[in-house]
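Note: the block below is run.txt and it holds compact mmCIF, C-alpha atoms (C1' of nucleotides).
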```txt
# COMPACT_ATOMS: atom_id res chain seq x y z
CA MET A 72 20.68 -9.20 -1.21
CA THR A 73 23.57 -9.81 1.13
CA GLU A 74 26.83 -7.93 0.71
CA PRO A 75 26.50 -4.17 0.25
CA LEU A 76 23.02 -3.92 1.73
CA ASN A 77 20.99 -0.92 0.67
CA THR A 78 21.05 1.93 3.12
CA GLY A 79 17.28 1.89 3.52
CA LEU A 80 17.24 -1.64 4.84
CA LEU A 81 20.22 -0.84 7.01
CA LEU A 82 18.21 1.92 8.66
CA PHE A 83 15.05 -0.11 8.87
CA LEU A 84 16.51 -3.16 10.59
CA PRO A 85 17.54 -1.48 13.84
CA TYR A 86 14.41 0.64 13.79
CA ARG A 87 12.22 -2.41 13.72
CA ALA A 88 14.33 -4.19 16.31
CA LEU A 89 13.87 -1.28 18.69
CA GLU A 90 10.17 -0.98 17.97
CA SER A 91 9.60 -4.67 18.61
CA ARG A 92 11.43 -4.50 21.90
CA VAL A 93 9.36 -1.57 23.06
CA PHE A 94 6.15 -3.37 22.13
CA GLU A 95 7.11 -6.52 23.93
CA GLY A 96 8.07 -4.58 27.03
CA LEU A 97 4.95 -2.45 26.94
CA ALA A 98 2.75 -5.53 26.58
CA ALA A 99 4.56 -7.21 29.45
CA ALA A 100 3.90 -4.15 31.61
CA GLY A 101 0.17 -4.35 30.97
CA PHE A 102 -0.03 -1.96 28.05
CA ASP A 103 -1.03 -4.76 25.71
CA ASP A 104 -3.80 -2.90 23.92
CA LEU A 105 -1.54 -0.50 22.05
CA THR A 106 -1.13 -1.22 18.36
CA PRO A 107 1.87 -0.06 16.33
CA ALA A 108 -0.24 2.40 14.39
CA GLN A 109 -1.63 3.92 17.57
CA ALA A 110 1.83 4.15 19.04
CA ARG A 111 3.24 5.92 16.01
CA VAL A 112 0.63 8.60 16.42
CA PHE A 113 0.83 8.72 20.20
CA GLN A 114 4.59 9.15 20.09
CA ARG A 115 4.23 12.45 18.30
CA ILE A 116 1.95 14.22 20.71
CA ALA A 117 3.65 17.43 21.88
CA PRO A 118 4.00 18.06 25.64
CA ASP A 119 1.28 20.71 25.53
CA GLY A 120 -0.96 18.78 23.18
CA SER A 121 -1.27 18.48 19.43
CA ARG A 122 -4.06 18.74 16.90
CA PRO A 123 -5.13 15.60 15.09
CA THR A 124 -4.19 17.19 11.79
CA GLU A 125 -0.65 17.91 12.98
CA LEU A 126 -0.28 14.34 14.17
CA ALA A 127 -1.50 13.08 10.82
CA GLU A 128 1.08 15.11 8.92
CA GLN A 129 3.93 14.03 11.13
CA ALA A 130 2.96 10.39 11.10
CA GLY A 131 2.49 10.51 7.35
CA ILE A 132 -1.15 9.46 7.34
CA THR A 133 -4.41 11.19 6.45
CA LYS A 134 -6.29 13.19 9.02
CA GLN A 135 -9.11 10.66 8.87
CA SER A 136 -6.79 7.84 9.87
CA ALA A 137 -5.30 9.96 12.61
CA GLY A 138 -8.73 10.81 13.93
CA PHE A 139 -9.64 7.16 14.01
CA LEU A 140 -6.48 6.22 15.88
CA VAL A 141 -6.95 9.04 18.36
CA ASP A 142 -10.47 7.73 19.00
CA GLN A 143 -9.02 4.37 19.92
CA LEU A 144 -6.32 5.91 22.08
CA GLU A 145 -8.94 7.96 23.85
CA ARG A 146 -11.18 4.97 24.50
CA ALA A 147 -8.19 3.07 25.93
CA GLY A 148 -7.35 5.96 28.24
CA TYR A 149 -4.02 6.94 26.69
CA VAL A 150 -5.07 10.40 25.55
CA GLU A 151 -7.78 12.94 26.14
CA ARG A 152 -9.28 15.54 23.86
CA VAL A 153 -9.82 19.08 25.01
CA PRO A 154 -11.12 22.05 23.04
CA ASP A 155 -8.34 24.24 21.68
CA PRO A 156 -8.69 27.62 23.41
CA ALA A 157 -7.03 29.30 20.46
CA ASP A 158 -9.26 27.88 17.72
CA GLY A 159 -12.89 26.90 18.04
CA ARG A 160 -12.66 24.39 15.20
CA ALA A 161 -9.79 22.50 16.72
CA ARG A 162 -9.47 20.07 19.57
CA LEU A 163 -6.20 19.34 21.26
CA VAL A 164 -5.08 15.80 21.87
CA ARG A 165 -3.18 15.46 25.13
CA VAL A 166 -1.44 12.59 26.84
CA ALA A 167 -3.65 11.31 29.66
CA GLU A 168 -2.83 9.56 32.91
CA ARG A 169 -2.45 6.06 31.49
CA GLY A 170 -0.57 7.38 28.48
CA ALA A 171 1.96 9.10 30.71
CA ARG A 172 2.63 5.85 32.55
CA SER A 173 3.20 4.02 29.28
CA VAL A 174 5.65 6.71 28.23
CA GLU A 175 7.66 6.05 31.38
CA VAL A 176 7.83 2.35 30.64
CA SER A 177 8.84 2.75 27.02
CA ARG A 178 11.46 5.32 27.93
CA GLY A 179 13.05 2.69 30.14
CA ILE A 180 13.02 0.09 27.40
CA VAL A 181 14.50 2.45 24.85
CA ALA A 182 17.27 3.30 27.29
CA GLU A 183 17.94 -0.40 27.77
CA VAL A 184 18.16 -1.11 24.05
CA GLU A 185 20.34 1.95 23.49
CA ALA A 186 22.64 0.68 26.21
CA GLU A 187 22.95 -2.63 24.38
CA TRP A 188 23.75 -0.85 21.17
CA THR A 189 26.32 1.28 22.93
CA ALA A 190 27.88 -1.86 24.38
CA HIS A 191 28.15 -3.32 20.91
CA LEU A 192 29.31 -0.25 19.04
CA GLY A 193 31.24 1.53 21.74
CA VAL A 194 30.37 4.88 23.23
CA ARG A 195 32.13 6.85 20.56
CA ARG A 196 30.49 5.26 17.55
CA MET A 197 27.06 5.30 19.18
CA ALA A 198 27.41 9.04 19.68
CA GLN A 199 28.59 9.38 16.10
CA LEU A 200 25.60 7.46 14.86
CA ARG A 201 23.22 9.75 16.68
CA ARG A 202 25.02 12.84 15.49
CA ILE A 203 25.01 11.73 11.87
CA LEU A 204 21.35 10.75 11.99
CA THR A 205 20.41 14.03 13.60
CA ASP A 206 22.26 15.79 10.84
CA LEU A 207 20.56 13.69 8.19
CA ARG A 208 17.24 14.64 9.67
CA GLU A 209 17.66 18.13 8.28
CA ILE A 210 17.13 16.89 4.76
CA THR A 211 14.83 13.94 5.41
CA ASP A 212 12.33 15.28 7.92
CA PRO A 213 9.85 17.70 6.36
CA TRP A 214 8.58 18.70 9.83
CA ARG A 215 11.79 20.20 11.12
CA MET B 177 9.39 15.02 22.14
CA THR B 178 11.67 17.43 20.35
CA GLU B 179 15.26 17.92 21.48
CA PRO B 180 17.16 14.66 22.05
CA LEU B 181 15.01 12.69 19.64
CA ASN B 182 14.76 9.01 20.33
CA THR B 183 17.09 6.90 18.26
CA GLY B 184 14.23 4.91 16.78
CA LEU B 185 12.62 7.94 15.22
CA LEU B 186 16.02 9.11 14.09
CA LEU B 187 16.43 5.87 12.16
CA PHE B 188 12.89 5.86 10.88
CA LEU B 189 12.87 9.34 9.40
CA PRO B 190 15.53 8.80 6.74
CA TYR B 191 14.20 5.33 6.06
CA ARG B 192 10.80 6.67 5.24
CA ALA B 193 12.24 9.52 3.22
CA LEU B 194 14.16 7.05 1.08
CA GLU B 195 11.22 4.72 0.71
CA SER B 196 8.94 7.54 -0.40
CA ARG B 197 11.42 8.68 -3.00
CA VAL B 198 11.74 5.19 -4.40
CA PHE B 199 7.97 4.86 -4.63
CA GLU B 200 7.54 8.14 -6.37
CA GLY B 201 10.25 7.29 -8.87
CA LEU B 202 8.94 3.81 -9.47
CA ALA B 203 5.43 5.13 -10.06
CA ALA B 204 6.78 7.76 -12.44
CA ALA B 205 8.58 5.02 -14.38
CA GLY B 206 5.37 3.08 -14.92
CA PHE B 207 5.65 0.74 -11.95
CA ASP B 208 2.64 2.31 -10.31
CA ASP B 209 0.97 -0.90 -9.24
CA LEU B 210 3.49 -1.78 -6.53
CA THR B 211 2.29 -1.24 -2.98
CA PRO B 212 4.64 -0.71 -0.06
CA ALA B 213 3.74 -4.06 1.44
CA GLN B 214 4.47 -5.85 -1.82
CA ALA B 215 7.74 -4.02 -2.18
CA ARG B 216 8.90 -4.94 1.28
CA VAL B 217 8.47 -8.59 0.43
CA PHE B 218 9.84 -8.27 -3.10
CA GLN B 219 12.96 -6.54 -1.83
CA ARG B 220 13.96 -9.62 0.13
CA ILE B 221 13.89 -12.18 -2.65
CA ALA B 222 17.32 -13.80 -2.92
CA PRO B 223 19.10 -13.83 -6.31
CA ASP B 224 18.40 -17.53 -6.72
CA GLY B 225 14.89 -17.38 -5.35
CA SER B 226 13.32 -17.58 -1.91
CA ARG B 227 10.54 -19.53 -0.30
CA PRO B 228 7.41 -17.67 0.76
CA THR B 229 7.99 -18.75 4.34
CA GLU B 230 11.50 -17.29 4.36
CA LEU B 231 10.20 -14.04 2.94
CA ALA B 232 7.54 -13.93 5.62
CA GLU B 233 10.07 -14.32 8.40
CA GLN B 234 12.40 -11.70 7.04
CA ALA B 235 9.64 -9.23 6.36
CA GLY B 236 8.20 -9.85 9.80
CA ILE B 237 4.76 -10.98 8.64
CA THR B 238 2.89 -14.29 8.70
CA LYS B 239 3.34 -16.79 5.92
CA GLN B 240 -0.29 -16.27 4.91
CA SER B 241 0.30 -12.58 4.35
CA ALA B 242 3.46 -13.32 2.41
CA GLY B 243 1.62 -15.80 0.24
CA PHE B 244 -1.06 -13.26 -0.47
CA LEU B 245 1.46 -10.58 -1.43
CA VAL B 246 3.39 -13.00 -3.62
CA ASP B 247 0.11 -13.79 -5.42
CA GLN B 248 -0.32 -10.12 -6.20
CA LEU B 249 3.28 -9.74 -7.30
CA GLU B 250 2.91 -12.76 -9.53
CA ARG B 251 -0.27 -11.47 -11.15
CA ALA B 252 1.44 -8.13 -11.82
CA GLY B 253 4.40 -9.87 -13.44
CA TYR B 254 7.04 -8.96 -10.88
CA VAL B 255 7.79 -12.51 -9.73
CA GLU B 256 7.28 -16.08 -10.81
CA ARG B 257 6.89 -19.25 -8.79
CA VAL B 258 8.78 -22.42 -9.63
CA PRO B 259 8.84 -25.74 -7.79
CA ASP B 260 11.78 -26.10 -5.44
CA PRO B 261 13.94 -28.95 -6.79
CA ALA B 262 15.27 -29.61 -3.31
CA ASP B 263 11.93 -29.91 -1.53
CA GLY B 264 8.69 -31.13 -3.01
CA ARG B 265 6.58 -29.19 -0.55
CA ALA B 266 8.17 -25.86 -1.37
CA ARG B 267 7.95 -23.46 -4.28
CA LEU B 268 10.59 -20.88 -4.98
CA VAL B 269 9.66 -17.28 -5.65
CA ARG B 270 11.93 -15.69 -8.20
CA VAL B 271 12.22 -12.22 -9.65
CA ALA B 272 10.64 -12.17 -13.12
CA GLU B 273 11.30 -9.99 -16.17
CA ARG B 274 9.23 -7.01 -15.08
CA GLY B 275 10.51 -7.30 -11.53
CA ALA B 276 14.11 -7.13 -12.74
CA ARG B 277 13.36 -3.93 -14.64
CA SER B 278 11.81 -2.34 -11.57
CA VAL B 279 14.90 -3.30 -9.57
CA GLU B 280 17.04 -1.41 -12.07
CA VAL B 281 14.92 1.70 -11.69
CA SER B 282 14.87 1.63 -7.92
CA ARG B 283 18.59 1.03 -7.77
CA GLY B 284 19.04 4.26 -9.69
CA ILE B 285 16.78 6.19 -7.34
CA VAL B 286 18.50 4.83 -4.26
CA ALA B 287 21.84 5.87 -5.71
CA GLU B 288 20.47 9.33 -6.33
CA VAL B 289 19.18 9.73 -2.79
CA GLU B 290 22.40 8.34 -1.34
CA ALA B 291 24.30 10.89 -3.40
CA GLU B 292 22.20 13.66 -1.86
CA TRP B 293 22.87 12.33 1.60
CA THR B 294 26.56 12.13 0.85
CA ALA B 295 26.50 15.70 -0.37
CA HIS B 296 24.88 16.77 2.89
CA LEU B 297 26.96 14.68 5.27
CA GLY B 298 30.23 14.50 3.41
CA VAL B 299 31.81 11.35 2.04
CA ARG B 300 33.51 10.43 5.26
CA ARG B 301 30.48 10.60 7.53
CA MET B 302 28.27 8.83 5.00
CA ALA B 303 30.73 5.95 4.94
CA GLN B 304 30.83 5.99 8.72
CA LEU B 305 27.06 5.84 8.88
CA ARG B 306 26.96 2.79 6.65
CA ARG B 307 29.73 1.11 8.59
CA ILE B 308 28.07 1.70 11.93
CA LEU B 309 24.70 0.53 10.68
CA THR B 310 26.22 -2.58 9.17
CA ASP B 311 27.83 -3.27 12.48
CA LEU B 312 24.58 -2.68 14.33
CA ARG B 313 22.92 -5.16 12.06
CA GLU B 314 24.75 -7.96 13.81
CA ILE B 315 22.65 -7.51 16.91
CA THR B 316 19.43 -6.26 15.36
CA ASP B 317 18.92 -8.54 12.38
CA PRO B 318 17.85 -12.04 13.41
CA TRP B 319 18.43 -13.31 9.88
CA ARG B 320 22.19 -12.95 9.59
C1' DC C 226 10.53 -48.96 6.33
C1' DC C 227 6.67 -47.19 8.90
C1' DG C 228 4.21 -44.18 11.99
C1' DA C 229 4.67 -39.62 14.31
C1' DT C 230 6.07 -35.25 13.96
C1' DT C 231 7.54 -31.33 11.62
C1' DC C 232 7.38 -28.22 7.89
C1' DA C 233 5.60 -25.67 3.37
C1' DG C 234 1.87 -23.74 1.79
C1' DT C 235 -3.20 -22.79 1.20
C1' DC C 236 -8.09 -21.66 2.42
C1' DA C 237 -11.52 -19.06 5.09
C1' DG C 238 -13.00 -15.45 7.88
C1' DA C 239 -12.27 -11.30 10.38
C1' DA C 240 -10.12 -7.17 11.96
C1' DA C 241 -6.97 -3.17 11.59
C1' DG C 242 -5.27 0.57 9.04
C1' DA C 243 -5.34 3.56 5.52
C1' DC C 244 -7.42 5.99 1.53
C1' DT C 245 -10.79 9.04 -1.29
C1' DG C 246 -14.61 12.00 -1.47
C1' DA C 247 -18.14 14.71 0.56
C1' DC C 248 -19.43 17.61 4.06
C1' DC C 249 -19.98 21.14 8.08
C1' DA C 250 -18.16 24.60 11.26
C1' DT C 251 -14.96 27.98 12.13
C1' DC C 252 -11.32 31.08 11.18
C1' DT C 253 -8.75 34.61 8.37
C1' DC C 254 -8.08 38.14 5.33
C1' DG C 255 -9.14 41.39 1.59
C1' DC D 253 -19.02 41.05 5.25
C1' DG D 254 -18.03 37.27 2.02
C1' DA D 255 -14.64 34.01 -0.12
C1' DG D 256 -11.55 30.82 0.59
C1' DA D 257 -8.66 28.18 3.76
C1' DT D 258 -8.48 25.14 7.64
C1' DG D 259 -9.89 21.61 11.42
C1' DG D 260 -12.50 17.85 11.87
C1' DT D 261 -16.05 14.23 10.90
C1' DC D 262 -18.88 10.83 8.24
C1' DA D 263 -19.35 7.16 4.82
C1' DG D 264 -17.63 3.71 1.98
C1' DT D 265 -13.90 0.92 0.24
C1' DC D 266 -9.54 -1.45 -0.41
C1' DT D 267 -5.32 -3.37 1.28
C1' DT D 268 -2.81 -5.66 4.62
C1' DT D 269 -2.52 -8.53 8.23
C1' DC D 270 -3.90 -11.88 11.62
C1' DT D 271 -5.82 -16.48 13.68
C1' DG D 272 -7.23 -21.03 13.04
C1' DA D 273 -7.86 -25.11 10.43
C1' DC D 274 -6.29 -28.01 6.87
C1' DT D 275 -3.51 -30.79 2.98
C1' DG D 276 0.47 -32.76 1.32
C1' DA D 277 5.41 -33.71 1.67
C1' DA D 278 9.66 -34.58 4.22
C1' DT D 279 12.18 -36.41 8.08
C1' DC D 280 13.40 -38.96 12.07
C1' DG D 281 13.31 -42.64 15.70
C1' DG D 282 12.69 -47.19 16.34
```
How does this structure look as structure tokens?
Amino acid sequence: MTEPLNTGLLLFLPYRALESRVFEGLAAAGFDDLTPAQARVFQRIAPDGSRPTELAEQAGITKQSAGFLVDQLERAGYVERVPDPADGRARLVRVAERGARSVEVSRGIVAEVEAEWTAHLGVRRMAQLRRILTDLREITDPWR
Amino acid sequence: MTEPLNTGLLLFLPYRALESRVFEGLAAAGFDDLTPAQARVFQRIAPDGSRPTELAEQAGITKQSAGFLVDQLERAGYVERVPDPADGRARLVRVAERGARSVEVSRGIVAEVEAEWTAHLGVRRMAQLRRILTDLREITDPWR
DNA sequence: CCGATTCAGTCAGAAAGACTGACCATCTCG
DNA sequence: CGAGATGGTCAGTCTTTCTGACTGAATCGG
């Protein structure tokens, strides 16, 4: 389990480290009612709003689960639901006031952690990492 | 949310892609009773056995949850528990017969996926990716 | 070598997250 | 228009995880 660690774990470790940091920081800033599951959905809301079903696909959960999480996010003031003008069946989920403020905070924390990583790896390798991962995304991300 | 994707998501995407592939393959090979949560614990068992509490820490869950998952793994024949000769309070969790066979299968699938990634990225960049991630592990993995 | 503390693990109860299946309303297309 | 696809919800269940309380074993200071 130690020497040539499997690539999956190698990817997961920094991911979790970053996620934990963001949660701690968010909680410290008063956004202590966000759960990881809610955040994973919230994170994927497009600037002009997304449909629950889209969010479900991108987060890799069922539409029922997504609907449930959006309910919670709505009750906590992070998002709002508006009717989709283009489709009477659909309702758009949009980032609300409180949600926008939490985005600001987490953006700051992510930047901080990325700065630490850059300090450890060096500017060049950090850029390389991002480039390679972006490239890898083409064959590992079904939603573009 | 689209262009300069946050590094966390960039790490998460390939991780999940790999994990899904391993699960599909495992299920196809008859190991269809493994759940993701069980697998995440199972994956961290050291060659000579680990204590439930260690597994809990490394998997980032409470020791109660780890104990519960180990129970399930034991019932399904993936692991066995033996008393720890060095500490009368502890019991070591070890990979059992069936568990070892599932490890073989998943190793094959991981190799397959890594080969695809190498084909996409090129040998050099794939090696770079692993090197950078291994390096990053030093500051993102609390357990060595 | 003995009491206090720490540590490994379990039990009990509850909540979160996710799933399947069934269902309704609306949209789209032949 | 009517059939099928799509967006979303409701109901019920299972898995995973957590908190808190507890037992038994080890360890450490005096």
With all atoms listed in the file counted and 10 Å as the cut-off, give the residues of chain D in contact with chain B, each with its shortest interatomic distance in Å and the pair that gives it, as a tab-separated table.
```
residue	atom	partner	partner_atom	distance
D:DT267	C1'	B:Thr211	CA	9.0
D:DT268	C1'	B:Ala213	CA	7.5
D:DT269	C1'	B:Ser241	CA	6.3
D:DC270	C1'	B:Thr238	CA	7.8
D:DG276	C1'	B:Arg265	CA	7.3
D:DA277	C1'	B:Arg265	CA	5.2
D:DA278	C1'	B:Asp263	CA	7.7
```
Using all atoms listed in the file, find the residues of chain A whose closest atom to chain B is at most 7 Å away, then write them as a short mmCIF file (atom, residue, chain, number, x, y, z; two decimals) with C-alpha atoms, in the frame of the given file.
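Saved as result-v2.cif:
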```cif
data_model
loop_
_atom_site.label_atom_id
_atom_site.label_comp_id
_atom_site.auth_asym_id
_atom_site.auth_seq_id
_atom_site.Cartn_x
_atom_site.Cartn_y
_atom_site.Cartn_z
CA MET A 72 20.68 -9.20 -1.21
CA THR A 78 21.05 1.93 3.12
CA GLY A 79 17.28 1.89 3.52
CA LEU A 81 20.22 -0.84 7.01
CA LEU A 82 18.21 1.92 8.66
CA PHE A 83 15.05 -0.11 8.87
CA LEU A 84 16.51 -3.16 10.59
CA PRO A 85 17.54 -1.48 13.84
CA TYR A 86 14.41 0.64 13.79
CA ALA A 88 14.33 -4.19 16.31
CA LEU A 89 13.87 -1.28 18.69
CA ARG A 115 4.23 12.45 18.30
CA ALA A 117 3.65 17.43 21.88
CA LEU A 200 25.60 7.46 14.86
CA ARG A 201 23.22 9.75 16.68
CA ILE A 203 25.01 11.73 11.87
CA LEU A 204 21.35 10.75 11.99
CA THR A 205 20.41 14.03 13.60
CA ARG A 208 17.24 14.64 9.67
CA THR A 211 14.83 13.94 5.41
CA ASP A 212 12.33 15.28 7.92
#
```
Chain A post-superposition (all in-order Cα pairs with chain B) as an mmCIF file with C-alpha atoms, in the coordinates of the input:
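part-v8.cif was written with the following content:
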```cif
data_model
loop_
_atom_site.group_PDB
_atom_site.id
_atom_site.type_symbol
_atom_site.label_atom_id
_atom_site.label_comp_id
_atom_site.auth_asym_id
_atom_site.auth_seq_id
_atom_site.Cartn_x
_atom_site.Cartn_y
_atom_site.Cartn_z
ATOM 1 C CA MET A 72 9.359 15.715 21.276
ATOM 2 C CA THR A 73 11.973 18.006 19.820
ATOM 3 C CA GLU A 74 15.436 18.203 21.340
ATOM 4 C CA PRO A 75 17.104 14.859 22.044
ATOM 5 C CA LEU A 76 14.945 12.859 19.656
ATOM 6 C CA ASN A 77 14.689 9.161 20.369
ATOM 7 C CA THR A 78 17.014 7.029 18.325
ATOM 8 C CA GLY A 79 14.154 5.021 16.855
ATOM 9 C CA LEU A 80 12.573 8.041 15.247
ATOM 10 C CA LEU A 81 15.981 9.195 14.114
ATOM 11 C CA LEU A 82 16.400 5.932 12.228
ATOM 12 C CA PHE A 83 12.872 5.897 10.923
ATOM 13 C CA LEU A 84 12.848 9.377 9.412
ATOM 14 C CA PRO A 85 15.525 8.816 6.773
ATOM 15 C CA TYR A 86 14.219 5.329 6.123
ATOM 16 C CA ARG A 87 10.810 6.652 5.266
ATOM 17 C CA ALA A 88 12.245 9.506 3.235
ATOM 18 C CA LEU A 89 14.175 7.032 1.114
ATOM 19 C CA GLU A 90 11.229 4.687 0.763
ATOM 20 C CA SER A 91 8.947 7.492 -0.365
ATOM 21 C CA ARG A 92 11.435 8.630 -2.956
ATOM 22 C CA VAL A 93 11.757 5.152 -4.376
ATOM 23 C CA PHE A 94 7.983 4.805 -4.587
ATOM 24 C CA GLU A 95 7.535 8.099 -6.328
ATOM 25 C CA GLY A 96 10.256 7.272 -8.819
ATOM 26 C CA LEU A 97 8.952 3.778 -9.428
ATOM 27 C CA ALA A 98 5.434 5.097 -10.014
ATOM 28 C CA ALA A 99 6.771 7.726 -12.388
ATOM 29 C CA ALA A 100 8.561 4.998 -14.343
ATOM 30 C CA GLY A 101 5.341 3.059 -14.827
ATOM 31 C CA PHE A 102 5.641 0.722 -11.873
ATOM 32 C CA ASP A 103 2.640 2.305 -10.200
ATOM 33 C CA ASP A 104 0.965 -0.912 -9.113
ATOM 34 C CA LEU A 105 3.505 -1.818 -6.450
ATOM 35 C CA THR A 106 2.354 -1.299 -2.886
ATOM 36 C CA PRO A 107 4.749 -0.780 0.024
ATOM 37 C CA ALA A 108 3.876 -4.145 1.501
ATOM 38 C CA GLN A 109 4.549 -5.910 -1.784
ATOM 39 C CA ALA A 110 7.816 -4.076 -2.166
ATOM 40 C CA ARG A 111 9.006 -5.021 1.297
ATOM 41 C CA VAL A 112 8.549 -8.650 0.412
ATOM 42 C CA PHE A 113 9.876 -8.328 -3.120
ATOM 43 C CA GLN A 114 13.026 -6.625 -1.892
ATOM 44 C CA ARG A 115 14.030 -9.713 0.027
ATOM 45 C CA ILE A 116 13.917 -12.239 -2.756
ATOM 46 C CA ALA A 117 17.350 -13.875 -3.073
ATOM 47 C CA PRO A 118 19.068 -13.895 -6.495
ATOM 48 C CA ASP A 119 18.356 -17.602 -6.919
ATOM 49 C CA GLY A 120 14.857 -17.425 -5.510
ATOM 50 C CA SER A 121 13.354 -17.657 -2.055
ATOM 51 C CA ARG A 122 10.571 -19.617 -0.423
ATOM 52 C CA PRO A 123 7.482 -17.746 0.692
ATOM 53 C CA THR A 124 8.127 -18.823 4.260
ATOM 54 C CA GLU A 125 11.643 -17.375 4.214
ATOM 55 C CA LEU A 126 10.324 -14.106 2.845
ATOM 56 C CA ALA A 127 7.699 -14.007 5.564
ATOM 57 C CA GLU A 128 10.279 -14.432 8.312
ATOM 58 C CA GLN A 129 12.566 -11.784 6.924
ATOM 59 C CA ALA A 130 9.802 -9.295 6.324
ATOM 60 C CA GLY A 131 8.404 -9.963 9.773
ATOM 61 C CA ILE A 132 4.973 -11.095 8.633
ATOM 62 C CA THR A 133 3.106 -14.399 8.709
ATOM 63 C CA LYS A 134 3.479 -16.883 5.910
ATOM 64 C CA GLN A 135 -0.161 -16.345 4.998
ATOM 65 C CA SER A 136 0.404 -12.643 4.443
ATOM 66 C CA ALA A 137 3.534 -13.358 2.465
ATOM 67 C CA GLY A 138 1.697 -15.842 0.301
ATOM 68 C CA PHE A 139 -0.994 -13.304 -0.388
ATOM 69 C CA LEU A 140 1.514 -10.629 -1.349
ATOM 70 C CA VAL A 141 3.416 -13.026 -3.577
ATOM 71 C CA ASP A 142 0.126 -13.822 -5.326
ATOM 72 C CA GLN A 143 -0.310 -10.156 -6.108
ATOM 73 C CA LEU A 144 3.281 -9.771 -7.241
ATOM 74 C CA GLU A 145 2.868 -12.770 -9.485
ATOM 75 C CA ARG A 146 -0.337 -11.465 -11.036
ATOM 76 C CA ALA A 147 1.383 -8.122 -11.720
ATOM 77 C CA GLY A 148 4.300 -9.871 -13.402
ATOM 78 C CA TYR A 149 6.995 -8.981 -10.872
ATOM 79 C CA VAL A 150 7.735 -12.528 -9.756
ATOM 80 C CA GLU A 151 7.175 -16.081 -10.855
ATOM 81 C CA ARG A 152 6.758 -19.255 -8.865
ATOM 82 C CA VAL A 153 8.611 -22.398 -9.776
ATOM 83 C CA PRO A 154 8.645 -25.744 -7.989
ATOM 84 C CA ASP A 155 11.626 -26.147 -5.682
ATOM 85 C CA PRO A 156 13.710 -29.005 -7.107
ATOM 86 C CA ALA A 157 15.070 -29.731 -3.657
ATOM 87 C CA ASP A 158 11.744 -30.005 -1.825
ATOM 88 C CA GLY A 159 8.455 -31.161 -3.269
ATOM 89 C CA ARG A 160 6.430 -29.184 -0.738
ATOM 90 C CA ALA A 161 8.088 -25.909 -1.541
ATOM 91 C CA ARG A 162 7.839 -23.478 -4.397
ATOM 92 C CA LEU A 163 10.496 -20.933 -5.136
ATOM 93 C CA VAL A 164 9.612 -17.324 -5.734
ATOM 94 C CA ARG A 165 11.867 -15.727 -8.326
ATOM 95 C CA VAL A 166 12.157 -12.244 -9.730
ATOM 96 C CA ALA A 167 10.547 -12.163 -13.176
ATOM 97 C CA GLU A 168 11.180 -9.989 -16.204
ATOM 98 C CA ARG A 169 9.145 -6.989 -15.078
ATOM 99 C CA GLY A 170 10.463 -7.300 -11.542
ATOM 100 C CA ALA A 171 14.040 -7.153 -12.773
ATOM 101 C CA ARG A 172 13.321 -3.932 -14.645
ATOM 102 C CA SER A 173 11.810 -2.368 -11.540
ATOM 103 C CA VAL A 174 14.898 -3.342 -9.576
ATOM 104 C CA GLU A 175 17.031 -1.427 -12.062
ATOM 105 C CA VAL A 176 14.921 1.679 -11.663
ATOM 106 C CA SER A 177 14.874 1.604 -7.885
ATOM 107 C CA ARG A 178 18.602 0.985 -7.751
ATOM 108 C CA GLY A 179 19.052 4.228 -9.651
ATOM 109 C CA ILE A 180 16.803 6.145 -7.298
ATOM 110 C CA VAL A 181 18.512 4.788 -4.216
ATOM 111 C CA ALA A 182 21.862 5.807 -5.661
ATOM 112 C CA GLU A 183 20.499 9.290 -6.281
ATOM 113 C CA VAL A 184 19.196 9.694 -2.741
ATOM 114 C CA GLU A 185 22.418 8.304 -1.286
ATOM 115 C CA ALA A 186 24.319 10.850 -3.337
ATOM 116 C CA GLU A 187 22.214 13.620 -1.822
ATOM 117 C CA TRP A 188 22.879 12.315 1.638
ATOM 118 C CA THR A 189 26.574 12.105 0.905
ATOM 119 C CA ALA A 190 26.500 15.692 -0.328
ATOM 120 C CA HIS A 191 24.898 16.767 2.916
ATOM 121 C CA LEU A 192 26.943 14.700 5.326
ATOM 122 C CA GLY A 193 30.220 14.506 3.480
ATOM 123 C CA VAL A 194 31.809 11.367 2.131
ATOM 124 C CA ARG A 195 33.488 10.478 5.371
ATOM 125 C CA ARG A 196 30.452 10.648 7.614
ATOM 126 C CA MET A 197 28.262 8.862 5.077
ATOM 127 C CA ALA A 198 30.732 5.988 5.061
ATOM 128 C CA GLN A 199 30.798 6.059 8.844
ATOM 129 C CA LEU A 200 27.040 5.907 8.980
ATOM 130 C CA ARG A 201 26.961 2.845 6.780
ATOM 131 C CA ARG A 202 29.718 1.170 8.729
ATOM 132 C CA ILE A 203 28.044 1.787 12.069
ATOM 133 C CA LEU A 204 24.673 0.598 10.807
ATOM 134 C CA THR A 205 26.205 -2.512 9.317
ATOM 135 C CA ASP A 206 27.813 -3.184 12.648
ATOM 136 C CA LEU A 207 24.555 -2.594 14.482
ATOM 137 C CA ARG A 208 22.906 -5.088 12.207
ATOM 138 C CA GLU A 209 24.742 -7.871 13.987
ATOM 139 C CA ILE A 210 22.619 -7.423 17.069
ATOM 140 C CA THR A 211 19.389 -6.184 15.504
ATOM 141 C CA ASP A 212 18.897 -8.466 12.521
ATOM 142 C CA PRO A 213 17.824 -11.970 13.526
ATOM 143 C CA TRP A 214 18.391 -13.213 9.950
ATOM 144 C CA ARG A 215 22.105 -12.586 9.789
#
```
Mind running chain C against chain B at 9 Å and telling me each contacting residue's nearest atom pair with the distance in Å (one decimal), counting all atoms listed in the file, chain and number ascending, as JSON lines?
```
{"residue": "C:DC232", "atom": "C1'", "partner": "B:Arg265", "partner_atom": "CA", "distance": 8.5}
{"residue": "C:DA233", "atom": "C1'", "partner": "B:Arg265", "partner_atom": "CA", "distance": 5.4}
{"residue": "C:DG234", "atom": "C1'", "partner": "B:Ala266", "partner_atom": "CA", "distance": 7.4}
{"residue": "C:DT235", "atom": "C1'", "partner": "B:Gln240", "partner_atom": "CA", "distance": 8.0}
```
